[in-house]
Amino acid sequence: MSIVTLKDKQFKPYIKSEQIEAAVKKVAQQINADLKNEMPLFVAVLNGSFMFAADLMKQIEIPCEISFVKMASYHGTESTGKVNELIGLNQNIEGRTVVVIEDIVDTGNTIEKLTSMLKDKKVKSFKIATALFKPSVYKKDIKIDYVGIEIPNDFVVGYGLDYDGLGRNLKDILVIA
Ligand code: 5GP
């Protein structure tokens with residue numbers, strides 16, 4: 001694949017789909033082994049994780065469920081300040097083992113908010129699975145249990161990740177040129 005133009009920016013090939021496929025398989029094998037007695041609930045964070053979630057779930061061989069959520073944040077009343085909300089999780093998850101599926105973990109802000117909401121819902125335990133991880137930017141103490149591929153602090157698109165809404169459909173991962 002050559003240079004791809006998305007709006008005003010150009011992106012060059014970075015990680016080929018074959019390498020992503022192998023990374024997804026590795027993550028699935030770890031989850032299959034670790035959680036074989038848990039009947040986990042996978043919680044995929046939209047929009048970015050849709051492709052990773054689909055590929056990962058095809059490799060999961062233990063009994064499990066999946067739900068898709070969106071994170072929304074809005075300003076509440078003056079006294080409450082900024083409120084974070086989890087949209088789409090309509091079932092009771094108390095006591096469940098939850099595996100969060102993310103496209104990429106960067107600063108970890110998203111994961112921090114999400115896991116605090118999961119704790120409020122009294123889950124038994126949670127694990128984090130992410131297709132991509134930027135260890136040099138990550139600032140939180142929360143363990144990232146399953147990492148597909150570690151990358152440096154570069155802006156990437158493809159495999160679910162977008163630039164201004166574009167590029168989510170690309171099967172390879174590209175980096176800003
Ligand atoms: P965090 O909250 O960990 O800083 O960032 C997570 C979110 O930021 C991801 O779900 C994704 O939407 C966005 N993000 C972080 N790094 C990248 C990147 O390199 N490319 C794209 N397209 N989005 C990114």
# chains A, B, ... in the order shown; residues from 1 in each chain; ligands from 1
>>> residues_near_ligand(ligand="ligand 1", cutoff="7 Å", atoms="only C-alpha atoms and all ligand atoms", output="number ranges by chain")
A: 48, 102-111, 154-157, 161-163
>>> select_by_dssp(residues="range 12-88 of chain A", states="strand (DSSP E or B)", output="count of residues only")
26
>>> atom_distance(atom1="CA of Glu150 in chain A", atom2="CA of Ala129 in chain A")
12.3 Å
>>> residues_around(residues="Met57 in chain A", least_positions_apart="4", cutoff="10 Å", atoms="only C-alpha atoms", output="PyMOL selection string")
chain A and resi 24+28+42+52-53+61-62+64-66
>>> write_last_selection(atoms="C-alpha atoms", output="PDB file, in the first residue's frame")
ATOM      1  CA  VAL A  24      -4.659 -10.448  17.544  1.00  0.00           C
ATOM      2  CA  ALA A  28      -6.776 -14.199  21.938  1.00  0.00           C
ATOM      3  CA  PHE A  42     -16.202  -8.283  26.575  1.00  0.00           C
ATOM      4  CA  PHE A  52     -10.175  -5.281  16.582  1.00  0.00           C
ATOM      5  CA  ALA A  53     -13.251  -6.471  18.502  1.00  0.00           C
ATOM      6  CA  GLU A  61     -12.931 -20.068  22.100  1.00  0.00           C
ATOM      7  CA  ILE A  62     -14.274 -19.846  25.656  1.00  0.00           C
ATOM      8  CA  CYS A  64     -18.359 -15.316  26.606  1.00  0.00           C
ATOM      9  CA  GLU A  65     -20.599 -12.353  25.849  1.00  0.00           C
ATOM     10  CA  ILE A  66     -19.892  -9.058  24.119  1.00  0.00           C
TER      11      ILE A  66
END
>>> closest_residue(among="A:Lys58, A:Arg168, A:Lys113, A:Lys9", to="Asn84 in chain A", atoms="only C-alpha atoms")
A:Lys113
>>> atom_distance(atom1="CA of Asn169 in chain A", atom2="CA of Val147 in chain A")
21.2 Å
>>> atom_distance(atom1="CA of Pro40 in chain A", atom2="CA of Val98 in chain A")
5.6 Å
>>> closest_residue(among="A:Val69, A:Ile87, A:Asp55, A:Lys124", to="Ile20 in chain A", atoms="only C-alpha atoms")
A:Asp55
>>> residues_around(residues="Gln19 in chain A", least_positions_apart="2", cutoff="12 Å", atoms="only C-alpha atoms", output="list in words")
Tyr14, Ile15, Lys16, Ser17, Glu21, Ala22, Ala23, Val24, Lys25, Lys26, Ala131, Gly148, Ile149, Tyr159, Lys171, Asp172 and Ile173 of chain A
>>> write_last_selection(atoms="C-alpha atoms", output="PDB file, in the first residue's frame")
ATOM      1  CA  TYR A  14       3.297   1.309   9.041  1.00  0.00           C
ATOM      2  CA  ILE A  15       1.906  -2.052  10.201  1.00  0.00           C
ATOM      3  CA  LYS A  16       0.643  -4.572   7.669  1.00  0.00           C
ATOM      4  CA  SER A  17      -2.567  -6.508   8.196  1.00  0.00           C
ATOM      5  CA  GLU A  21      -3.538 -10.630  12.511  1.00  0.00           C
ATOM      6  CA  ALA A  22      -0.676 -12.364  14.309  1.00  0.00           C
ATOM      7  CA  ALA A  23      -0.898  -9.890  17.209  1.00  0.00           C
ATOM      8  CA  VAL A  24      -4.659 -10.448  17.544  1.00  0.00           C
ATOM      9  CA  LYS A  25      -4.125 -14.218  17.613  1.00  0.00           C
ATOM     10  CA  LYS A  26      -1.530 -13.851  20.375  1.00  0.00           C
ATOM     11  CA  ALA A 131      -4.799  -3.453  19.721  1.00  0.00           C
ATOM     12  CA  GLY A 148      -1.442  -6.342  20.454  1.00  0.00           C
ATOM     13  CA  ILE A 149       1.410  -4.108  19.309  1.00  0.00           C
ATOM     14  CA  TYR A 159      -7.804  -0.734  11.524  1.00  0.00           C
ATOM     15  CA  LYS A 171      -7.004  -2.911   6.937  1.00  0.00           C
ATOM     16  CA  ASP A 172      -3.376  -1.878   7.490  1.00  0.00           C
ATOM     17  CA  ILE A 173      -2.218   0.703  10.042  1.00  0.00           C
TER      18      ILE A 173
END
>>> closest_residue(among="A:Lys119, A:Lys70, A:Lys12, A:Lys140", to="Leu46 in chain A", atoms="only C-alpha atoms")
A:Lys70
>>> select_by_dssp(residues="chain A", states="alpha helix (DSSP H)", output="count of residues only")
39
>>> decode(residues="range 42-96 of chain A", atoms="C-alpha atoms", output="mmCIF file, in the first residue's frame")
data_model
loop_
_atom_site.group_PDB
_atom_site.id
_atom_site.type_symbol
_atom_site.label_atom_id
_atom_site.label_comp_id
_atom_site.auth_asym_id
_atom_site.auth_seq_id
_atom_site.Cartn_x
_atom_site.Cartn_y
_atom_site.Cartn_z
ATOM 1 C CA PHE A 42 -16.202 -8.283 26.575
ATOM 2 C CA VAL A 43 -16.941 -4.561 26.456
ATOM 3 C CA ALA A 44 -15.807 -3.010 23.177
ATOM 4 C CA VAL A 45 -15.396 0.756 23.170
ATOM 5 C CA LEU A 46 -16.810 2.290 19.980
ATOM 6 C CA ASN A 47 -16.061 3.617 17.461
ATOM 7 C CA GLY A 48 -12.382 2.778 17.141
ATOM 8 C CA SER A 49 -12.392 -0.777 18.472
ATOM 9 C CA PHE A 50 -14.951 -2.258 16.069
ATOM 10 C CA MET A 51 -12.407 -3.959 13.799
ATOM 11 C CA PHE A 52 -10.175 -5.281 16.582
ATOM 12 C CA ALA A 53 -13.251 -6.471 18.502
ATOM 13 C CA ALA A 54 -14.555 -8.420 15.504
ATOM 14 C CA ASP A 55 -11.192 -10.033 14.735
ATOM 15 C CA LEU A 56 -10.487 -10.811 18.390
ATOM 16 C CA MET A 57 -13.878 -12.366 19.064
ATOM 17 C CA LYS A 58 -13.467 -14.752 16.123
ATOM 18 C CA GLN A 59 -10.429 -16.196 17.935
ATOM 19 C CA ILE A 60 -12.031 -16.458 21.377
ATOM 20 C CA GLU A 61 -12.931 -20.068 22.100
ATOM 21 C CA ILE A 62 -14.274 -19.846 25.656
ATOM 22 C CA PRO A 63 -17.926 -19.101 26.552
ATOM 23 C CA CYS A 64 -18.359 -15.316 26.606
ATOM 24 C CA GLU A 65 -20.599 -12.353 25.849
ATOM 25 C CA ILE A 66 -19.892 -9.058 24.119
ATOM 26 C CA SER A 67 -21.416 -5.628 24.491
ATOM 27 C CA PHE A 68 -20.571 -2.384 22.676
ATOM 28 C CA VAL A 69 -20.343 0.914 24.526
ATOM 29 C CA LYS A 70 -19.588 4.541 23.843
ATOM 30 C CA MET A 71 -18.031 6.956 26.259
ATOM 31 C CA ALA A 72 -19.731 10.307 26.473
ATOM 32 C CA SER A 73 -18.758 13.252 28.596
ATOM 33 C CA TYR A 74 -20.873 16.307 29.158
ATOM 34 C CA HIS A 75 -21.040 19.179 31.604
ATOM 35 C CA GLY A 76 -23.585 18.601 34.328
ATOM 36 C CA THR A 77 -24.761 21.209 36.786
ATOM 37 C CA GLU A 78 -22.236 23.578 38.323
ATOM 38 C CA SER A 79 -21.977 21.421 41.408
ATOM 39 C CA THR A 80 -21.356 18.170 39.566
ATOM 40 C CA GLY A 81 -18.956 19.515 36.937
ATOM 41 C CA LYS A 82 -17.961 17.168 34.129
ATOM 42 C CA VAL A 83 -19.905 13.922 34.019
ATOM 43 C CA ASN A 84 -18.772 10.798 32.243
ATOM 44 C CA GLU A 85 -21.344 8.366 31.032
ATOM 45 C CA LEU A 86 -21.223 4.921 29.539
ATOM 46 C CA ILE A 87 -23.791 4.565 26.763
ATOM 47 C CA GLY A 88 -25.033 1.194 25.594
ATOM 48 C CA LEU A 89 -24.393 -1.041 28.567
ATOM 49 C CA ASN A 90 -27.934 -2.027 29.448
ATOM 50 C CA GLN A 91 -27.312 -5.189 31.417
ATOM 51 C CA ASN A 92 -26.362 -5.721 35.045
ATOM 52 C CA ILE A 93 -22.639 -6.443 35.149
ATOM 53 C CA GLU A 94 -22.265 -6.817 38.911
ATOM 54 C CA GLY A 95 -19.977 -9.739 39.711
ATOM 55 C CA ARG A 96 -18.853 -10.222 36.094
#
